[in-house]
Every structure is written in C-alpha cells, then in structure tokens.
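Peer 1: Would you mind keeping the following structure in view while I ask a few things?
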Amino acid sequence: MEEIVFHHTLPIQLRFNDVDKFGHVNNTVYFSFYDLGKTEYFGSVCPGVDWEKIGIVVVHIEANFVKQIFASDHIAVQTAVSKIGTKSFHLVQQVIDTKTNEVKCVCKSIMVTFNLERHESMPLTKEWIEAICKYEGRDLQKAQIDPPPPMKTPSGTNESIERYRGTNLPRIRNKTSKTNSLEKVLS
C-alpha cells in the first residue's frame with residue numbers, strides 16, 4: 001500500500017459565511033478550501049506557468065466528510081499529487097485540525113491539463129512532471145495507488161464510511177506529524 005506524505009499545507013481562515021445554520025462549516029465550502037490548496041500548490045511547485053494559456057481542470061472529484069468543522073476550529077488544507085499520467089494527474093487533499101492533526105475531510109480528484117486557446121486537453125509538460133516529482137520526492141509516473149471503489153451519494157454518513165472499511169486505502173502521513181492510516185481515521 002502506497003503512503004502519501006503531504007509536503008504542502010495551507011492554513012485556512014474560516015469566515016462567518018462558511019458556517020451554516022447547523023453551526024458547522026457547510027459541506028459545499030470544503031471544495032473552496034480544496035481550490036485554495038490547489039492554487040497555492042501549483043503556484044509554489046510550478047511557478048512561471050502562463051495561466052492565460054494553460055489551465056488545470058477537474059474531471060473527477062470525490063470527498064469523504066469524516067468530522068464536522070466548527071467556527072472555532074483552526075484548520076489547514078494539505079495537498080499532494082499521488083500519480084501522474086500523460087495528460088492527467090491524481091490529487092489527494094485533506095482538511096485537518098491544526099491543533100490536533102485530526103482529519104476532517106479527504107478529497108481525491110483527477111485533474112487534466114488543458115490548452116485554453118485550443119479548448120482541449122494537452123500532455124503535461126516535462127517541466128511540470130519534473131517539478132512535481134521533485135517536490136513530492138518520488139517518481140509519480142510509476143506510482144500505483146489502488147483507488148477505493150467509486151463513491152455514490154450516501155444515504156447516511158455511516159454508510160459512506162462503512163464502504164471504505166477493508167479497502168486498500170493509501171496511508172496518509174503529514175510531513176510534520178506521525179503516520180495516520182486513513183483506515184484508522186475512518187474506523
């Protein structure tokens with residue numbers, strides 16, 4: 001089983017409007033956290049990209065909401081690339097409580113590089129591949145992570161978490177903290 005180490009962490013400031021009438025951060029807001037993480041990750045790892053000509057688009061995204069986030073929580077989004085293909089790459093992100101390192105939500109997405117002038121997908125450049133692999137500390141073109149089964153809209157949180165028990169999930173470790181098994185977090 002492949003272990004994911006997060007080298008990129010972005011603290012997130014919660015806003016008043018992130019919290020819904022139930023007193024927790026609304027599940028739709030998590031995706032804006034993940035967008036911030038992606039933007040900062042690629043700004044750091046692949047500087048000098050002409051974002052007027054080249055884009056990155058989401059072709060698949062799934063999230064597993066593990067614990068609620070409340071307005072008083074201190075959180076951060078962590079981002080890592082786990083696999084690189086010819087035109088696409090797999091991104092793993094998680095929102096954590098910065099005081100306890102407790103995982104609040106895990107997001108997996110498949111991103112495709114996109115030529116904004118031609119409006120079509122394009123291969124990742126050699127420079128991008130080298131920069132991402134160097135940042136992540138390994139050759140991601142050979143990385144093989146067995147994905148969990150496709151997520152469906154769950155009728156309840158327990159059913160969603162139950163689907164992941166016993167699957168071959170990647171181990172996740174924060175660069176600055178001890179190893180956490182995603183299986184342990186979800187149990």
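Please note that chains go A, B, ... in the order of the structure tokens, that every chain numbers its residues from 1, and that ligands are numbered from 1 in the order shown.
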Do a neighbour search on stretch 31-41 of chain A at 8 Å with only C-alpha atoms, toss out local chain neighbours closer than 6 positions, and write the hits as a list in words.
Peer 2: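 My list of contacting residues is His8, Thr9, Leu10, Ile12, Val77, Gln78, Thr79, Gln93, Gln94 and Cys107 of chain A.
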Peer 1: Write out as JSON lines a residue-level contact list of stretch 37-104 of chain A versus stretch 116-140 of chain A with cut-off 12 Å: for each qualifying residue the closest pair of atoms and the distance in Å to one decimal, counting only C-alpha atoms, rows sorted by chain and residue number upward.
Peer 2:
```
{"residue": "A:Tyr41", "atom": "CA", "partner": "A:Ile132", "partner_atom": "CA", "distance": 9.7}
{"residue": "A:Phe42", "atom": "CA", "partner": "A:Ile132", "partner_atom": "CA", "distance": 8.7}
{"residue": "A:Gly43", "atom": "CA", "partner": "A:Ile132", "partner_atom": "CA", "distance": 11.4}
{"residue": "A:Ser44", "atom": "CA", "partner": "A:Tyr135", "partner_atom": "CA", "distance": 9.5}
{"residue": "A:Val45", "atom": "CA", "partner": "A:Ala131", "partner_atom": "CA", "distance": 6.3}
{"residue": "A:Cys46", "atom": "CA", "partner": "A:Trp128", "partner_atom": "CA", "distance": 6.3}
{"residue": "A:Pro47", "atom": "CA", "partner": "A:Trp128", "partner_atom": "CA", "distance": 9.5}
{"residue": "A:Gly48", "atom": "CA", "partner": "A:Trp128", "partner_atom": "CA", "distance": 10.6}
{"residue": "A:Val49", "atom": "CA", "partner": "A:Trp128", "partner_atom": "CA", "distance": 9.2}
{"residue": "A:Asp50", "atom": "CA", "partner": "A:Leu116", "partner_atom": "CA", "distance": 10.4}
{"residue": "A:Trp51", "atom": "CA", "partner": "A:Leu116", "partner_atom": "CA", "distance": 8.6}
{"residue": "A:Glu52", "atom": "CA", "partner": "A:Leu116", "partner_atom": "CA", "distance": 7.1}
{"residue": "A:Lys53", "atom": "CA", "partner": "A:Leu116", "partner_atom": "CA", "distance": 5.1}
{"residue": "A:Ile54", "atom": "CA", "partner": "A:Leu116", "partner_atom": "CA", "distance": 5.6}
{"residue": "A:Gly55", "atom": "CA", "partner": "A:Leu116", "partner_atom": "CA", "distance": 6.3}
{"residue": "A:Ile56", "atom": "CA", "partner": "A:Ser121", "partner_atom": "CA", "distance": 9.1}
{"residue": "A:Val57", "atom": "CA", "partner": "A:Ser121", "partner_atom": "CA", "distance": 9.0}
{"residue": "A:Val58", "atom": "CA", "partner": "A:Ser121", "partner_atom": "CA", "distance": 11.4}
{"residue": "A:Val59", "atom": "CA", "partner": "A:Ser121", "partner_atom": "CA", "distance": 10.9}
{"residue": "A:Thr79", "atom": "CA", "partner": "A:Glu136", "partner_atom": "CA", "distance": 10.3}
{"residue": "A:Ala80", "atom": "CA", "partner": "A:Glu136", "partner_atom": "CA", "distance": 7.3}
{"residue": "A:Val81", "atom": "CA", "partner": "A:Glu136", "partner_atom": "CA", "distance": 7.3}
{"residue": "A:Ser82", "atom": "CA", "partner": "A:Leu140", "partner_atom": "CA", "distance": 6.4}
{"residue": "A:Lys83", "atom": "CA", "partner": "A:Leu140", "partner_atom": "CA", "distance": 4.8}
{"residue": "A:Ile84", "atom": "CA", "partner": "A:Leu140", "partner_atom": "CA", "distance": 5.4}
{"residue": "A:Gly85", "atom": "CA", "partner": "A:Leu124", "partner_atom": "CA", "distance": 8.2}
{"residue": "A:Thr86", "atom": "CA", "partner": "A:Pro123", "partner_atom": "CA", "distance": 5.4}
{"residue": "A:Lys87", "atom": "CA", "partner": "A:Pro123", "partner_atom": "CA", "distance": 4.1}
{"residue": "A:Ser88", "atom": "CA", "partner": "A:Leu124", "partner_atom": "CA", "distance": 7.3}
{"residue": "A:Phe89", "atom": "CA", "partner": "A:Leu124", "partner_atom": "CA", "distance": 8.9}
{"residue": "A:His90", "atom": "CA", "partner": "A:Leu140", "partner_atom": "CA", "distance": 9.6}
{"residue": "A:Leu91", "atom": "CA", "partner": "A:Leu140", "partner_atom": "CA", "distance": 11.2}
```
Peer 1: Those residues with N, CA and C atoms, as an mmCIF file, in the first residue's frame please?
Peer 2:
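The resulting file, selection_14.cif, is shown below:
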```cif
data_model
loop_
_atom_site.group_PDB
_atom_site.id
_atom_site.type_symbol
_atom_site.label_atom_id
_atom_site.label_comp_id
_atom_site.auth_asym_id
_atom_site.auth_seq_id
_atom_site.Cartn_x
_atom_site.Cartn_y
_atom_site.Cartn_z
ATOM 1 N N TYR A 41 -0.618 25.216 -4.187
ATOM 2 C CA TYR A 41 0.294 24.111 -4.504
ATOM 3 C C TYR A 41 0.969 24.360 -5.853
ATOM 4 N N PHE A 42 0.170 24.602 -6.891
ATOM 5 C CA PHE A 42 0.746 24.757 -8.221
ATOM 6 C C PHE A 42 1.479 26.086 -8.388
ATOM 7 N N GLY A 43 1.076 27.096 -7.643
ATOM 8 C CA GLY A 43 1.827 28.345 -7.645
ATOM 9 C C GLY A 43 3.213 28.161 -7.050
ATOM 10 N N SER A 44 3.330 27.287 -6.063
ATOM 11 C CA SER A 44 4.620 27.007 -5.425
ATOM 12 C C SER A 44 5.468 26.029 -6.231
ATOM 13 N N VAL A 45 4.841 24.976 -6.709
ATOM 14 C CA VAL A 45 5.575 23.882 -7.354
ATOM 15 C C VAL A 45 5.901 24.184 -8.810
ATOM 16 N N CYS A 46 5.007 24.839 -9.514
ATOM 17 C CA CYS A 46 5.183 25.127 -10.947
ATOM 18 C C CYS A 46 5.079 26.632 -11.204
ATOM 19 N N PRO A 47 6.025 27.410 -10.681
ATOM 20 C CA PRO A 47 5.954 28.859 -10.909
ATOM 21 C C PRO A 47 6.248 29.190 -12.373
ATOM 22 N N GLY A 48 5.797 30.328 -12.814
ATOM 23 C CA GLY A 48 6.086 30.759 -14.174
ATOM 24 C C GLY A 48 5.149 30.204 -15.228
ATOM 25 N N VAL A 49 4.095 29.518 -14.821
ATOM 26 C CA VAL A 49 3.128 28.989 -15.792
ATOM 27 C C VAL A 49 2.255 30.142 -16.287
ATOM 28 N N ASP A 50 2.013 30.178 -17.566
ATOM 29 C CA ASP A 50 1.128 31.190 -18.145
ATOM 30 C C ASP A 50 -0.315 30.680 -18.029
ATOM 31 N N TRP A 51 -0.978 31.076 -16.948
ATOM 32 C CA TRP A 51 -2.333 30.595 -16.676
ATOM 33 C C TRP A 51 -3.364 31.169 -17.646
ATOM 34 N N GLU A 52 -2.951 32.072 -18.509
ATOM 35 C CA GLU A 52 -3.838 32.592 -19.564
ATOM 36 C C GLU A 52 -3.922 31.596 -20.718
ATOM 37 N N LYS A 53 -2.901 30.727 -20.838
ATOM 38 C CA LYS A 53 -2.848 29.766 -21.948
ATOM 39 C C LYS A 53 -3.045 28.330 -21.498
ATOM 40 N N ILE A 54 -2.594 28.019 -20.289
ATOM 41 C CA ILE A 54 -2.666 26.649 -19.779
ATOM 42 C C ILE A 54 -3.527 26.629 -18.531
ATOM 43 N N GLY A 55 -4.405 25.665 -18.456
ATOM 44 C CA GLY A 55 -5.253 25.514 -17.285
ATOM 45 C C GLY A 55 -5.204 24.095 -16.753
ATOM 46 N N ILE A 56 -5.788 23.928 -15.594
ATOM 47 C CA ILE A 56 -5.952 22.612 -14.989
ATOM 48 C C ILE A 56 -7.436 22.491 -14.683
ATOM 49 N N VAL A 57 -8.057 21.437 -15.196
ATOM 50 C CA VAL A 57 -9.483 21.265 -14.965
ATOM 51 C C VAL A 57 -9.745 19.974 -14.191
ATOM 52 N N VAL A 58 -10.774 19.996 -13.379
ATOM 53 C CA VAL A 58 -11.191 18.829 -12.610
ATOM 54 C C VAL A 58 -12.087 17.972 -13.509
ATOM 55 N N VAL A 59 -11.734 16.698 -13.661
ATOM 56 C CA VAL A 59 -12.599 15.796 -14.434
ATOM 57 C C VAL A 59 -13.307 14.793 -13.525
ATOM 58 N N THR A 79 -2.182 19.193 0.474
ATOM 59 C CA THR A 79 -2.301 18.802 -0.927
ATOM 60 C C THR A 79 -1.086 17.994 -1.353
ATOM 61 N N ALA A 80 -1.329 16.921 -2.110
ATOM 62 C CA ALA A 80 -0.250 16.113 -2.672
ATOM 63 C C ALA A 80 -0.699 15.521 -3.999
ATOM 64 N N VAL A 81 0.221 15.424 -4.939
ATOM 65 C CA VAL A 81 -0.037 14.688 -6.173
ATOM 66 C C VAL A 81 0.390 13.253 -5.906
ATOM 67 N N SER A 82 -0.462 12.293 -6.236
ATOM 68 C CA SER A 82 -0.166 10.893 -5.949
ATOM 69 C C SER A 82 0.186 10.078 -7.188
ATOM 70 N N LYS A 83 -0.159 10.574 -8.368
ATOM 71 C CA LYS A 83 0.096 9.814 -9.592
ATOM 72 C C LYS A 83 0.048 10.769 -10.777
ATOM 73 N N ILE A 84 0.919 10.562 -11.756
ATOM 74 C CA ILE A 84 0.935 11.385 -12.959
ATOM 75 C C ILE A 84 0.804 10.488 -14.181
ATOM 76 N N GLY A 85 -0.132 10.869 -15.053
ATOM 77 C CA GLY A 85 -0.294 10.184 -16.336
ATOM 78 C C GLY A 85 0.241 11.073 -17.449
ATOM 79 N N THR A 86 -0.233 10.853 -18.663
ATOM 80 C CA THR A 86 0.215 11.648 -19.804
ATOM 81 C C THR A 86 -0.409 13.038 -19.788
ATOM 82 N N LYS A 87 -1.736 13.102 -19.620
ATOM 83 C CA LYS A 87 -2.455 14.374 -19.610
ATOM 84 C C LYS A 87 -3.102 14.665 -18.255
ATOM 85 N N SER A 88 -3.113 13.686 -17.377
ATOM 86 C CA SER A 88 -3.825 13.844 -16.115
ATOM 87 C C SER A 88 -2.928 13.500 -14.932
ATOM 88 N N PHE A 89 -3.390 13.897 -13.765
ATOM 89 C CA PHE A 89 -2.714 13.532 -12.524
ATOM 90 C C PHE A 89 -3.761 13.404 -11.426
ATOM 91 N N HIS A 90 -3.421 12.624 -10.422
ATOM 92 C CA HIS A 90 -4.299 12.401 -9.282
ATOM 93 C C HIS A 90 -3.845 13.288 -8.141
ATOM 94 N N LEU A 91 -4.808 13.950 -7.540
ATOM 95 C CA LEU A 91 -4.538 14.865 -6.436
ATOM 96 C C LEU A 91 -5.258 14.333 -5.196
#
```
Peer 1: Pick the closest to A:His24 from A:Ile69, A:Phe6, A:Ala63, A:Pro11: which is it, counting only C-alpha atoms?
Peer 2: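 Once distances to A:His24 are computed over only C-alpha atoms, the minimum belongs to A:Ile69.
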Peer 1: Pick out the closest residue to A:Ile110 from this set: A:Lys21, A:His74, A:His60, A:Lys67. Count only C-alpha atoms.
Peer 2: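 The closest residue to A:Ile110 is A:His60.
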Peer 1: Report the distance between atom CA of A:Ile75 and atom CA of A:Val112 in Å, rounded to one decimal place.
Peer 2: 27.6 Å
Peer 1: Excluding A:Val25 and its own-chain neighbours fewer than 6 positions away, which residues fall within 10 Å of it when counting only C-alpha atoms? Please give them as JSON, numbers by chain.
Peer 2: {"A": [14, 15, 16, 17, 18, 19, 68, 69, 70, 71, 73]}
Peer 1: Would you please extract all strand (DSSP E) residues from stretch 43-131 of chain A, as assigned by DSSP on the backbone, and give them as a count of residues only?
Peer 2: 47
Peer 1: DSSP on the backbone: what in stretch 8-160 of chain A comes out alpha helix (DSSP H), as a CSV table (one decimal) with C-alpha atoms, in the first residue's frame?
Peer 2:
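Final output, saved to states_12.csv:
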```csv
chain,number,residue,atom,x,y,z
A,30,TYR,CA,-14.9,22.4,1.7
A,31,PHE,CA,-14.4,22.5,-2.1
A,32,SER,CA,-13.4,26.2,-1.9
A,33,PHE,CA,-10.8,25.1,0.6
A,34,TYR,CA,-9.5,22.5,-1.8
A,35,ASP,CA,-9.4,25.0,-4.6
A,36,LEU,CA,-7.3,27.3,-2.5
A,37,GLY,CA,-5.0,24.4,-1.7
A,38,LYS,CA,-4.6,23.5,-5.4
A,39,THR,CA,-3.9,27.1,-6.4
A,40,GLU,CA,-1.2,27.5,-3.8
A,41,TYR,CA,0.3,24.1,-4.5
A,42,PHE,CA,0.7,24.8,-8.2
A,43,GLY,CA,1.8,28.3,-7.6
A,44,SER,CA,4.6,27.0,-5.4
A,45,VAL,CA,5.6,23.9,-7.4
A,126,LYS,CA,8.3,17.7,-18.9
A,127,GLU,CA,9.0,20.7,-16.7
A,128,TRP,CA,5.8,20.2,-14.8
A,129,ILE,CA,6.4,16.5,-14.3
A,130,GLU,CA,9.9,17.0,-13.1
A,131,ALA,CA,8.9,19.8,-10.8
A,132,ILE,CA,6.0,17.9,-9.2
A,133,CYS,CA,8.1,14.7,-8.8
A,134,LYS,CA,11.0,16.7,-7.3
A,135,TYR,CA,8.6,18.4,-4.8
A,136,GLU,CA,6.9,15.1,-3.9
A,157,THR,CA,-22.6,9.2,6.8
A,158,ASN,CA,-22.1,5.8,8.5
A,159,GLU,CA,-22.9,4.0,5.2
A,160,SER,CA,-20.3,6.2,3.4
```
Peer 1: Name the closest residue to A:Thr100 among the candidates A:Asp20, A:Phe114, A:Ala76, A:Ile4; distances are taken between atoms, counting only C-alpha atoms.
Peer 2: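 Closest to A:Thr100, using only C-alpha atoms: A:Ala76.
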